[in-house]
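Text of the file work.tsv, holding TSV, C-alpha atoms:
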```tsv
chain	number	residue	atom	x	y	z
A	1	MET	CA	0.00	0.00	0.00
A	2	SER	CA	1.43	3.34	-0.95
A	3	LEU	CA	1.74	6.13	1.57
A	4	LEU	CA	-0.80	8.15	-0.35
A	5	ALA	CA	-3.45	5.45	0.02
A	6	LEU	CA	-3.27	5.83	3.78
A	7	PHE	CA	-4.60	9.35	3.47
A	8	ARG	CA	-7.03	8.81	0.64
A	9	ARG	CA	-9.68	6.78	2.46
A	10	GLN	CA	-12.25	5.25	0.15
A	11	ARG	CA	-15.90	5.91	0.84
A	12	THR	CA	-17.27	2.40	0.28
A	13	ALA	CA	-20.61	2.71	2.07
A	14	PRO	CA	-22.43	4.33	-0.90
A	15	VAL	CA	-21.34	1.41	-3.09
A	16	ALA	CA	-22.65	-1.06	-0.51
A	17	ARG	CA	-25.94	0.78	-0.36
A	18	GLU	CA	-26.42	0.77	-4.11
A	19	ARG	CA	-25.46	-2.87	-4.54
A	20	LEU	CA	-27.93	-3.86	-1.83
A	21	GLN	CA	-30.76	-1.86	-3.36
A	22	VAL	CA	-30.32	-3.50	-6.75
A	23	LEU	CA	-29.91	-7.00	-5.33
A	24	LEU	CA	-32.84	-6.84	-2.94
A	25	ALA	CA	-35.19	-5.42	-5.56
A	26	HIS	CA	-34.38	-8.56	-7.56
A	27	GLU	CA	-34.67	-10.99	-4.67
A	28	ARG	CA	-37.97	-9.59	-3.44
A	29	MET	CA	-39.44	-9.96	-6.92
A	30	ALA	CA	-38.21	-13.54	-7.11
A	31	ALA	CA	-39.80	-14.31	-3.73
A	32	GLY	CA	-43.10	-12.85	-4.98
A	33	HIS	CA	-42.82	-15.01	-8.09
A	34	SER	CA	-42.40	-18.22	-6.20
A	35	GLU	CA	-45.68	-17.54	-4.39
A	36	LEU	CA	-47.42	-16.72	-7.66
A	37	LEU	CA	-45.97	-19.81	-9.30
A	38	ALA	CA	-47.21	-22.07	-6.52
A	39	VAL	CA	-50.73	-20.68	-6.87
A	40	LEU	CA	-50.67	-20.92	-10.68
A	41	ARG	CA	-49.39	-24.48	-10.50
A	42	GLU	CA	-52.17	-25.60	-8.15
A	43	GLU	CA	-54.92	-23.96	-10.21
A	44	ILE	CA	-53.60	-25.23	-13.54
A	45	LEU	CA	-53.31	-28.74	-12.07
A	46	ALA	CA	-56.90	-28.53	-10.86
A	47	VAL	CA	-58.17	-27.55	-14.30
A	48	ILE	CA	-56.26	-30.36	-16.02
A	49	ALA	CA	-57.37	-32.90	-13.41
A	50	LYS	CA	-60.98	-32.11	-14.22
A	51	HIS	CA	-60.53	-33.61	-17.67
A	52	ILE	CA	-57.41	-35.75	-17.78
A	53	THR	CA	-55.60	-37.84	-15.18
A	54	VAL	CA	-51.97	-36.71	-15.14
A	55	ASP	CA	-49.04	-37.29	-12.84
A	56	ARG	CA	-48.53	-34.18	-10.67
A	57	ASP	CA	-44.76	-34.43	-11.15
A	58	LYS	CA	-45.15	-34.32	-14.92
A	59	VAL	CA	-46.46	-30.76	-14.86
A	60	ASN	CA	-43.77	-28.09	-15.09
A	61	ILE	CA	-44.44	-24.40	-14.83
A	62	LYS	CA	-41.74	-21.81	-15.42
A	63	LEU	CA	-41.87	-18.06	-15.26
A	64	ASP	CA	-39.12	-16.20	-17.06
A	65	ARG	CA	-38.84	-12.48	-16.71
A	66	GLY	CA	-36.80	-10.89	-19.48
A	67	LYS	CA	-36.04	-7.27	-20.14
A	68	ASP	CA	-38.57	-6.81	-22.96
A	69	MET	CA	-40.68	-9.91	-22.66
A	70	SER	CA	-41.70	-12.32	-19.94
A	71	THR	CA	-42.90	-15.83	-20.60
A	72	LEU	CA	-44.98	-18.32	-18.68
A	73	GLU	CA	-44.09	-21.82	-19.78
A	74	ILE	CA	-46.46	-24.67	-18.99
A	75	ASP	CA	-45.14	-28.11	-19.80
A	76	VAL	CA	-47.51	-31.02	-19.28
A	77	GLU	CA	-46.32	-34.51	-20.05
A	78	MET	CA	-49.36	-36.50	-21.15
A	79	PRO	CA	-49.74	-40.23	-20.67
A	80	ALA	CA	-49.35	-42.23	-23.92
A	81	LYS	CA	-52.97	-43.35	-23.84
A	82	LEU	CA	-55.28	-40.64	-22.58
A	83	PRO	CA	-57.05	-41.94	-19.50
A	84	LEU	CA	-59.99	-39.56	-19.51
A	85	VAL	CA	-61.67	-38.76	-16.23
A	86	LYS	CA	-65.07	-40.40	-16.21
A	87	GLY	CA	-67.85	-38.09	-17.30
A	88	ALA	CA	-65.46	-35.41	-18.55
A	89	ALA	CA	-65.93	-36.38	-22.21
A	90	ALA	CA	-69.66	-35.93	-22.02
A	91	ALA	CA	-69.39	-32.54	-20.32
B	1	MET	CA	-51.34	-10.29	28.10
B	2	ALA	CA	-48.11	-12.14	27.50
B	3	LYS	CA	-46.06	-11.21	24.46
B	4	VAL	CA	-43.88	-13.59	22.49
B	5	LEU	CA	-40.86	-11.84	21.01
B	6	VAL	CA	-38.38	-13.44	18.60
B	7	VAL	CA	-34.83	-12.14	18.27
B	8	THR	CA	-33.77	-13.13	14.77
B	9	SER	CA	-31.42	-12.15	11.93
B	10	GLY	CA	-30.75	-14.88	9.40
B	11	LYS	CA	-27.03	-14.26	9.56
B	12	GLY	CA	-24.93	-15.62	12.41
B	13	GLY	CA	-22.65	-13.62	14.65
B	14	VAL	CA	-24.58	-10.36	14.49
B	15	GLY	CA	-25.50	-10.34	18.18
B	16	LYS	CA	-28.77	-12.26	18.58
B	17	THR	CA	-27.79	-14.03	21.77
B	18	THR	CA	-26.17	-11.05	23.50
B	19	SER	CA	-29.17	-8.94	22.47
B	20	THR	CA	-31.61	-11.55	23.80
B	21	ALA	CA	-29.79	-11.54	27.15
B	22	ALA	CA	-29.57	-7.74	27.31
B	23	LEU	CA	-33.18	-7.12	26.22
B	24	GLY	CA	-34.48	-9.81	28.55
B	25	ALA	CA	-32.57	-8.37	31.48
B	26	ALA	CA	-33.56	-4.77	30.62
B	27	LEU	CA	-37.27	-5.73	30.51
B	28	ALA	CA	-36.89	-7.62	33.80
B	29	GLN	CA	-35.09	-4.63	35.35
B	30	ALA	CA	-38.14	-2.57	34.36
B	31	GLY	CA	-40.28	-4.92	36.45
B	32	GLU	CA	-41.58	-7.27	33.77
B	33	ASN	CA	-41.72	-11.02	34.27
B	34	VAL	CA	-39.39	-12.36	31.57
B	35	VAL	CA	-38.23	-15.72	30.25
B	36	VAL	CA	-35.52	-16.02	27.61
B	37	VAL	CA	-35.74	-19.20	25.52
B	38	ASP	CA	-32.82	-20.67	23.57
B	39	PHE	CA	-33.93	-22.25	20.27
B	40	ASP	CA	-30.44	-23.09	19.06
B	41	VAL	CA	-30.62	-26.85	19.55
B	42	GLY	CA	-27.16	-28.38	19.36
B	43	LEU	CA	-25.35	-25.05	19.65
B	44	ARG	CA	-26.82	-23.49	22.75
B	45	ASN	CA	-25.10	-20.38	24.08
B	46	LEU	CA	-27.70	-18.27	25.82
B	47	ASP	CA	-26.95	-20.16	29.06
B	48	LEU	CA	-23.28	-19.17	28.73
B	49	VAL	CA	-23.97	-15.52	27.96
B	50	MET	CA	-26.41	-15.38	30.90
B	51	GLY	CA	-23.87	-17.02	33.23
B	52	ALA	CA	-26.09	-20.04	33.92
B	53	GLU	CA	-24.11	-22.71	32.04
B	54	ARG	CA	-23.40	-24.74	35.18
B	55	ARG	CA	-27.00	-24.71	36.34
B	56	VAL	CA	-28.55	-26.46	33.32
B	57	VAL	CA	-30.16	-29.75	34.36
B	58	TYR	CA	-33.09	-30.16	31.96
B	59	ASP	CA	-33.71	-28.43	28.64
B	60	MET	CA	-36.55	-27.63	26.27
B	61	ILE	CA	-36.27	-30.96	24.43
B	62	ASN	CA	-36.57	-32.85	27.75
B	63	VAL	CA	-39.82	-30.94	28.36
B	64	ILE	CA	-41.13	-31.58	24.82
B	65	GLN	CA	-40.43	-35.30	25.16
B	66	GLY	CA	-42.00	-35.48	28.61
B	67	ASP	CA	-38.79	-36.31	30.49
B	68	ALA	CA	-39.08	-33.21	32.65
B	69	LYS	CA	-41.70	-30.68	33.72
B	70	LEU	CA	-41.38	-27.14	32.43
B	71	ALA	CA	-40.78	-25.84	35.96
B	72	GLN	CA	-37.83	-28.22	36.33
B	73	ALA	CA	-36.16	-26.92	33.18
B	74	LEU	CA	-36.59	-23.20	33.92
B	75	ILE	CA	-33.53	-21.56	35.51
B	76	ARG	CA	-34.17	-18.47	37.58
B	77	ASP	CA	-31.53	-15.74	37.27
B	78	LYS	CA	-29.45	-15.24	40.42
B	79	ARG	CA	-29.32	-11.45	40.01
B	80	ILE	CA	-32.92	-10.65	39.04
B	81	ASP	CA	-35.78	-12.66	40.47
B	82	ASN	CA	-38.19	-12.03	37.61
B	83	LEU	CA	-35.85	-13.27	34.84
B	84	SER	CA	-35.71	-16.93	33.84
B	85	LEU	CA	-33.97	-19.00	31.19
B	86	LEU	CA	-35.19	-22.05	29.28
B	87	PRO	CA	-32.07	-23.64	27.80
B	88	ALA	CA	-31.83	-25.54	24.52
B	89	SER	CA	-30.51	-29.06	24.30
B	90	GLN	CA	-26.83	-29.36	23.48
B	91	THR	CA	-26.88	-33.01	22.44
B	92	ARG	CA	-30.06	-33.48	20.39
B	93	ASP	CA	-30.71	-32.31	16.85
B	94	LYS	CA	-33.24	-29.82	15.57
B	95	ASP	CA	-35.77	-32.48	14.58
B	96	ALA	CA	-36.58	-32.89	18.27
B	97	LEU	CA	-38.21	-29.46	18.11
B	98	THR	CA	-41.70	-30.53	17.11
B	99	GLU	CA	-44.39	-28.08	16.09
B	100	GLU	CA	-46.82	-29.36	18.77
B	101	GLY	CA	-44.14	-29.54	21.44
B	102	VAL	CA	-43.07	-25.94	20.91
B	103	ALA	CA	-46.71	-24.78	20.81
B	104	ARG	CA	-47.38	-26.51	24.13
B	105	ILE	CA	-44.35	-24.91	25.80
B	106	ILE	CA	-45.17	-21.43	24.50
B	107	ASP	CA	-48.75	-21.79	25.79
B	108	GLN	CA	-47.49	-22.74	29.24
B	109	LEU	CA	-44.95	-19.92	29.27
B	110	ARG	CA	-47.66	-17.42	28.31
B	111	GLU	CA	-49.43	-18.24	31.57
B	112	LYS	CA	-46.35	-17.58	33.71
B	113	PHE	CA	-44.58	-14.63	32.07
B	114	ASP	CA	-45.20	-11.17	30.57
B	115	TRP	CA	-42.47	-11.57	27.95
B	116	ILE	CA	-41.28	-14.75	26.24
B	117	ILE	CA	-38.10	-13.88	24.35
B	118	CYS	CA	-37.08	-16.51	21.79
B	119	ASP	CA	-33.42	-16.50	20.77
B	120	SER	CA	-33.39	-17.78	17.19
B	121	PRO	CA	-30.53	-19.80	15.73
B	122	ALA	CA	-28.88	-18.43	12.60
B	123	GLY	CA	-30.13	-19.62	9.23
B	124	ILE	CA	-33.61	-20.25	7.90
B	125	GLU	CA	-33.97	-23.89	8.87
B	126	LYS	CA	-36.32	-25.55	11.31
B	127	GLY	CA	-34.86	-24.04	14.48
B	128	ALA	CA	-35.23	-20.50	13.15
B	129	MET	CA	-38.75	-21.29	11.89
B	130	MET	CA	-39.80	-22.69	15.27
B	131	ALA	CA	-38.36	-19.65	17.08
B	132	MET	CA	-40.42	-17.20	14.98
B	133	ARG	CA	-43.55	-19.34	14.62
B	134	HIS	CA	-45.46	-18.00	17.64
B	135	ALA	CA	-44.06	-14.49	17.72
B	136	ASP	CA	-46.22	-11.41	18.29
B	137	VAL	CA	-43.18	-9.13	18.01
B	138	ALA	CA	-39.92	-9.57	16.12
B	139	VAL	CA	-36.60	-7.87	16.75
B	140	VAL	CA	-34.45	-8.15	13.63
B	141	VAL	CA	-30.80	-7.81	14.64
B	142	THR	CA	-28.73	-6.32	11.83
B	143	ASN	CA	-25.13	-5.15	11.45
B	144	PRO	CA	-24.45	-2.24	9.09
B	145	GLU	CA	-22.84	-4.59	6.59
B	146	VAL	CA	-24.05	-5.97	3.23
B	147	SER	CA	-24.48	-9.66	4.04
B	148	SER	CA	-26.29	-8.96	7.29
B	149	VAL	CA	-28.72	-6.52	5.63
B	150	ARG	CA	-29.46	-8.98	2.83
B	151	ASP	CA	-30.17	-11.81	5.28
B	152	SER	CA	-32.36	-9.53	7.40
B	153	ASP	CA	-34.42	-8.72	4.32
B	154	ARG	CA	-34.97	-12.43	3.78
B	155	ILE	CA	-35.97	-12.96	7.40
B	156	ILE	CA	-38.43	-10.04	7.26
B	157	GLY	CA	-40.06	-11.74	4.27
B	158	MET	CA	-40.40	-14.93	6.31
B	159	LEU	CA	-41.82	-13.13	9.32
B	160	ASP	CA	-44.51	-11.78	6.98
B	161	SER	CA	-45.38	-15.18	5.52
B	162	LYS	CA	-44.39	-18.07	7.78
B	163	THR	CA	-45.46	-17.02	11.28
B	164	LEU	CA	-48.81	-17.99	12.82
B	165	LYS	CA	-49.75	-14.31	12.90
B	166	ALA	CA	-49.04	-13.94	9.19
B	167	GLU	CA	-51.04	-17.06	8.39
B	168	ARG	CA	-54.00	-15.61	10.30
B	169	ASP	CA	-53.62	-12.40	8.26
B	170	GLU	CA	-52.61	-10.46	11.36
B	171	ARG	CA	-49.76	-7.99	11.40
B	172	ILE	CA	-46.58	-9.03	13.15
B	173	GLU	CA	-44.84	-6.11	14.87
B	174	LYS	CA	-41.27	-5.81	13.54
B	175	HIS	CA	-38.38	-3.75	14.87
B	176	LEU	CA	-34.84	-3.21	13.65
B	177	LEU	CA	-32.03	-3.46	16.19
B	178	LEU	CA	-28.87	-2.12	14.61
B	179	THR	CA	-25.86	-3.60	16.40
B	180	ARG	CA	-22.07	-3.19	16.21
B	181	TYR	CA	-22.57	0.32	14.91
B	182	ASP	CA	-19.60	2.66	14.66
B	183	ALA	CA	-20.82	6.24	14.24
B	184	GLY	CA	-17.36	7.47	13.27
B	185	ARG	CA	-16.91	4.96	10.48
B	186	ALA	CA	-20.45	5.59	9.23
B	187	SER	CA	-19.83	9.35	9.08
B	188	ARG	CA	-16.59	8.76	7.16
B	189	GLY	CA	-18.50	6.71	4.59
B	190	GLU	CA	-16.82	3.46	5.52
B	191	MET	CA	-19.92	1.84	6.99
B	192	LEU	CA	-23.60	1.86	6.01
B	193	LYS	CA	-25.44	4.61	7.88
B	194	THR	CA	-28.53	4.02	9.98
B	195	GLU	CA	-30.61	5.84	7.34
B	196	ASP	CA	-29.27	3.53	4.60
B	197	VAL	CA	-30.23	0.38	6.48
B	198	LEU	CA	-33.63	1.79	7.45
B	199	GLU	CA	-34.39	2.82	3.90
B	200	ILE	CA	-33.45	-0.58	2.52
B	201	LEU	CA	-35.27	-2.70	5.12
B	202	SER	CA	-38.10	-0.24	5.86
B	203	ILE	CA	-39.04	-1.41	9.34
B	204	PRO	CA	-38.99	0.92	12.37
B	205	LEU	CA	-35.79	1.34	14.37
B	206	LEU	CA	-35.75	0.02	17.92
B	207	ALA	CA	-32.28	1.15	18.95
B	208	ILE	CA	-28.67	1.47	17.82
B	209	VAL	CA	-26.16	-0.52	19.82
B	210	PRO	CA	-22.58	0.65	19.38
B	211	GLU	CA	-19.68	-1.68	18.66
B	212	SER	CA	-18.35	-1.81	22.19
B	213	VAL	CA	-15.90	-3.56	24.45
B	214	ASP	CA	-18.57	-3.48	27.18
B	215	VAL	CA	-20.66	-6.05	25.26
B	216	LEU	CA	-17.71	-8.42	25.01
B	217	ASN	CA	-16.79	-7.88	28.65
B	218	ALA	CA	-20.34	-8.70	29.69
B	219	SER	CA	-20.30	-11.95	27.68
B	220	ASN	CA	-16.90	-12.85	29.13
B	221	LEU	CA	-18.36	-12.53	32.62
B	222	GLY	CA	-21.69	-14.22	31.83
B	223	ALA	CA	-23.82	-11.18	32.62
B	224	PRO	CA	-26.16	-9.22	30.35
B	225	VAL	CA	-24.56	-5.83	29.62
B	226	THR	CA	-27.52	-4.01	31.21
B	227	LEU	CA	-26.63	-5.69	34.52
B	228	ASN	CA	-22.86	-5.75	34.20
B	229	ASN	CA	-22.35	-2.15	33.11
B	230	PRO	CA	-25.68	-0.28	33.21
B	231	SER	CA	-24.11	3.10	32.50
B	232	SER	CA	-22.38	2.00	29.26
B	233	ALA	CA	-23.60	3.26	25.89
B	234	ALA	CA	-24.52	-0.30	24.86
B	235	ALA	CA	-26.60	-0.86	28.01
B	236	LYS	CA	-28.37	2.47	27.48
B	237	ALA	CA	-29.31	1.40	23.96
B	238	TYR	CA	-30.85	-1.82	25.32
B	239	PHE	CA	-32.69	0.05	28.11
B	240	ASP	CA	-34.11	2.38	25.43
B	241	ALA	CA	-35.08	-0.63	23.31
B	242	ALA	CA	-36.90	-2.18	26.28
B	243	ARG	CA	-38.80	1.06	26.93
B	244	ARG	CA	-39.89	1.20	23.29
B	245	LEU	CA	-40.99	-2.44	23.39
B	246	ARG	CA	-43.17	-1.50	26.38
B	247	GLY	CA	-44.85	1.14	24.23
B	248	GLU	CA	-42.98	4.34	25.05
B	249	GLN	CA	-42.21	6.59	22.12
B	250	PHE	CA	-39.15	8.82	21.94
B	251	GLU	CA	-36.40	9.66	19.52
B	252	VAL	CA	-33.58	7.21	18.80
B	253	VAL	CA	-30.12	8.62	19.46
B	254	VAL	CA	-26.93	7.54	17.72
B	255	PRO	CA	-24.65	6.31	20.48
B	256	ILE	CA	-21.08	7.55	20.56
B	257	GLU	CA	-18.59	5.22	22.17
B	258	LYS	CA	-16.44	7.26	24.52
B	259	LYS	CA	-12.79	6.53	23.89
B	260	GLY	CA	-9.77	7.56	25.86
B	261	LEU	CA	-6.80	9.24	24.18
B	262	MET	CA	-5.12	5.91	23.43
B	263	GLY	CA	-8.36	4.48	22.08
B	264	ARG	CA	-8.73	7.46	19.82
B	265	LEU	CA	-5.19	7.15	18.55
B	266	PHE	CA	-5.19	3.39	18.00
B	267	GLY	CA	-8.87	2.54	17.99
B	268	ARG	CA	-9.31	2.98	14.27
B	269	ARG	CA	-6.80	0.39	13.34
B	270	VAL	CA	-8.06	-2.43	15.53
B	271	ALA	CA	-11.75	-1.80	15.01
```

Rewritten as structure tokens:
Amino acid sequence: MSLLALFRRQRTAPVARERLQVLLAHERMAAGHSELLAVLREEILAVIAKHITVDRDKVNIKLDRGKDMSTLEIDVEMPAKLPLVKGAAAA
Amino acid sequence: MAKVLVVTSGKGGVGKTTSTAALGAALAQAGENVVVVDFDVGLRNLDLVMGAERRVVYDMINVIQGDAKLAQALIRDKRIDNLSLLPASQTRDKDALTEEGVARIIDQLREKFDWIICDSPAGIEKGAMMAMRHADVAVVVTNPEVSSVRDSDRIIGMLDSKTLKAERDERIEKHLLLTRYDAGRASRGEMLKTEDVLEILSIPLLAIVPESVDVLNASNLGAPVTLNNPSSAAAKAYFDAARRLRGEQFEVVVPIEKKGLMGRLFGRRVA
């Protein structure tokens, strides 16, 4: 460390403050998403279950938030032969 | 009516246990009937900080599993009559903390005490969840440092979603306790200021506890700082915090640690 550096103390607190603000804005949004995703997942599963019997683990829901566009991806793996829920076909 | 208060932080080493001891003692010194409860199963330390480590016979897990009565596990403080400690188990693991067991103990404690202060373990696992589960009031202990502030933010989110109060759509009272604060370093821009932390976390400030040798001395001796050195700046901060928890409203002051000439000359480098 040079002698000069001893006298020129760096003010690092403003950097810490800004980094935290950016990071936490992100993390809070992500936490909100996970709640939303859980709700969406349950409701989508309920709708599907009304008509088709599917394995709960075969339903994947992903929320991607981009700068210009966000996407909600719903991926349902169907059984090879559709085991329809009784009565659903008639409805 | 009894109040359940959780002292929590997410991050370890920020001062949860010393703050639990000091707040518990300060409330007891104000005449309240207080019990401090250690939830850190496997790594208990509240007994040590309170100076009761050689008096532990039964612990919370013994009570949960029916091996001891609650009254047998409670340790009454030798200095203040109306302050008790319920130690955690040092040998069991966190799975022994069952939801029903903890609920039963909290219910029983509510009948005996005015304040039930739960010292949370670090982290966001079961022990921390159990410590905050029944809380009416939360004290979030935070250091003016990036990782501590981030973890506090996470814990605040959990207090708002995972506690019984939150699940019943009731508001849980939250307070920020800023610890290990160095006013000099904050004013020189080397440490986050109180305003910075408050703006980021946006919960009301309970008190500012200075980084202080008095806190360490108190732990060394096994006495809460409010008992060991009541005139110190740190003790004053905890007395103020206790008054605010009891409903008094007055302005928070930034504590200045008084330093001697030598401290002023050399303090910067070691701090």

| field | Distance query Ala30 of chain B at most 9 Å, all atoms listed in the file, self and fewer than 2 positions along chain excluded, as an NGL selection string | value | :B and (25-28 or 32 or 239 or 242-243)

| field | Length of the atom CA of Ala68 of chain B to atom CA of His134 of chain B vector [Å] | value | 22.3 Å

| request: Could you please tell me, as a list in words, which residues of chain B have an atom within 6 Å of chain A when using only C-alpha atoms? | output: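 Therefore, the residues near the partner are Gly189, Glu190, Met191 and Leu192 of chain B.
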
| Within 12 Å of Ile61 of chain A, counting only C-alpha atoms, which residues qualify if same-chain residues fewer than 3 places away don't, as a list of chain:residue names? |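 Answer for this query is A:His33, A:Ser34, A:Leu36, A:Leu37, A:Ala38, A:Val39, A:Leu40, A:Arg41, A:Glu42, A:Glu43, A:Ile44, A:Leu45, A:Arg56, A:Asp57, A:Lys58, A:Asp64, A:Thr71, A:Leu72, A:Glu73, A:Ile74, A:Asp75, A:Val76, A:Glu77.
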
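The two atoms in question, atom CA of Ile64 of chain B and atom CA of Val102 of chain B, are spaced 7.1 Å apart.
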
| said: Give me, as a list of chain:residue names, all polymer residues having an atom no more than 10 Å from Asp38 of chain B, counting all atoms listed in the file and skipping those fewer than 5 positions away in the same chain. | reply: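 Selected residues are B:Thr17, B:Thr20, B:Leu43, B:Arg44, B:Asn45, B:Leu46, B:Asp47, B:Asp59, B:Met60, B:Leu85, B:Leu86, B:Pro87, B:Ala88, B:Ser89, B:Ile117, B:Cys118, B:Asp119, B:Ser120, B:Pro121, B:Gly127, B:Ala131.
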
| said: Report, in Å with one decimal, the straight-line distance from atom CA of Val139 of chain B to atom CA of Leu176 of chain B. | reply: 5.9 Å

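Residues surrounding Ala71 of chain B within 12 Å are Val35, Val57, Tyr58, Asp59, Met60, Asn62, Val63, Asp67, Ala68, Leu74, Ile75, Arg76, Ser84, Leu85, Leu86, Ile105, Gln108, Leu109 and Lys112 of chain B [all atoms listed in the file; sequence separation below 3 positions excluded].
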
| Which residues come within 12 Å of Val7 of chain B, counting all atoms listed in the file, excluding same-chain residues fewer than 6 positions away, as a ChimeraX atom specification? | /B:14-24,36-40,116-122,128-129,131-133,135-142,152,155-156,159,174-177

For the residues selected in the previous step, produce a file with C-alpha atoms as a PDB file, in the coordinates of the input.
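File written: out_37.pdb
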```
ATOM      1  CA  VAL B  14     -24.580 -10.360  14.490  1.00  0.00           C
ATOM      2  CA  GLY B  15     -25.500 -10.340  18.180  1.00  0.00           C
ATOM      3  CA  LYS B  16     -28.770 -12.260  18.580  1.00  0.00           C
ATOM      4  CA  THR B  17     -27.790 -14.030  21.770  1.00  0.00           C
ATOM      5  CA  THR B  18     -26.170 -11.050  23.500  1.00  0.00           C
ATOM      6  CA  SER B  19     -29.170  -8.940  22.470  1.00  0.00           C
ATOM      7  CA  THR B  20     -31.610 -11.550  23.800  1.00  0.00           C
ATOM      8  CA  ALA B  21     -29.790 -11.540  27.150  1.00  0.00           C
ATOM      9  CA  ALA B  22     -29.570  -7.740  27.310  1.00  0.00           C
ATOM     10  CA  LEU B  23     -33.180  -7.120  26.220  1.00  0.00           C
ATOM     11  CA  GLY B  24     -34.480  -9.810  28.550  1.00  0.00           C
ATOM     12  CA  VAL B  36     -35.520 -16.020  27.610  1.00  0.00           C
ATOM     13  CA  VAL B  37     -35.740 -19.200  25.520  1.00  0.00           C
ATOM     14  CA  ASP B  38     -32.820 -20.670  23.570  1.00  0.00           C
ATOM     15  CA  PHE B  39     -33.930 -22.250  20.270  1.00  0.00           C
ATOM     16  CA  ASP B  40     -30.440 -23.090  19.060  1.00  0.00           C
ATOM     17  CA  ILE B 116     -41.280 -14.750  26.240  1.00  0.00           C
ATOM     18  CA  ILE B 117     -38.100 -13.880  24.350  1.00  0.00           C
ATOM     19  CA  CYS B 118     -37.080 -16.510  21.790  1.00  0.00           C
ATOM     20  CA  ASP B 119     -33.420 -16.500  20.770  1.00  0.00           C
ATOM     21  CA  SER B 120     -33.390 -17.780  17.190  1.00  0.00           C
ATOM     22  CA  PRO B 121     -30.530 -19.800  15.730  1.00  0.00           C
ATOM     23  CA  ALA B 122     -28.880 -18.430  12.600  1.00  0.00           C
ATOM     24  CA  ALA B 128     -35.230 -20.500  13.150  1.00  0.00           C
ATOM     25  CA  MET B 129     -38.750 -21.290  11.890  1.00  0.00           C
ATOM     26  CA  ALA B 131     -38.360 -19.650  17.080  1.00  0.00           C
ATOM     27  CA  MET B 132     -40.420 -17.200  14.980  1.00  0.00           C
ATOM     28  CA  ARG B 133     -43.550 -19.340  14.620  1.00  0.00           C
ATOM     29  CA  ALA B 135     -44.060 -14.490  17.720  1.00  0.00           C
ATOM     30  CA  ASP B 136     -46.220 -11.410  18.290  1.00  0.00           C
ATOM     31  CA  VAL B 137     -43.180  -9.130  18.010  1.00  0.00           C
ATOM     32  CA  ALA B 138     -39.920  -9.570  16.120  1.00  0.00           C
ATOM     33  CA  VAL B 139     -36.600  -7.870  16.750  1.00  0.00           C
ATOM     34  CA  VAL B 140     -34.450  -8.150  13.630  1.00  0.00           C
ATOM     35  CA  VAL B 141     -30.800  -7.810  14.640  1.00  0.00           C
ATOM     36  CA  THR B 142     -28.730  -6.320  11.830  1.00  0.00           C
ATOM     37  CA  SER B 152     -32.360  -9.530   7.400  1.00  0.00           C
ATOM     38  CA  ILE B 155     -35.970 -12.960   7.400  1.00  0.00           C
ATOM     39  CA  ILE B 156     -38.430 -10.040   7.260  1.00  0.00           C
ATOM     40  CA  LEU B 159     -41.820 -13.130   9.320  1.00  0.00           C
ATOM     41  CA  LYS B 174     -41.270  -5.810  13.540  1.00  0.00           C
ATOM     42  CA  HIS B 175     -38.380  -3.750  14.870  1.00  0.00           C
ATOM     43  CA  LEU B 176     -34.840  -3.210  13.650  1.00  0.00           C
ATOM     44  CA  LEU B 177     -32.030  -3.460  16.190  1.00  0.00           C
TER      45      LEU B 177
END
```
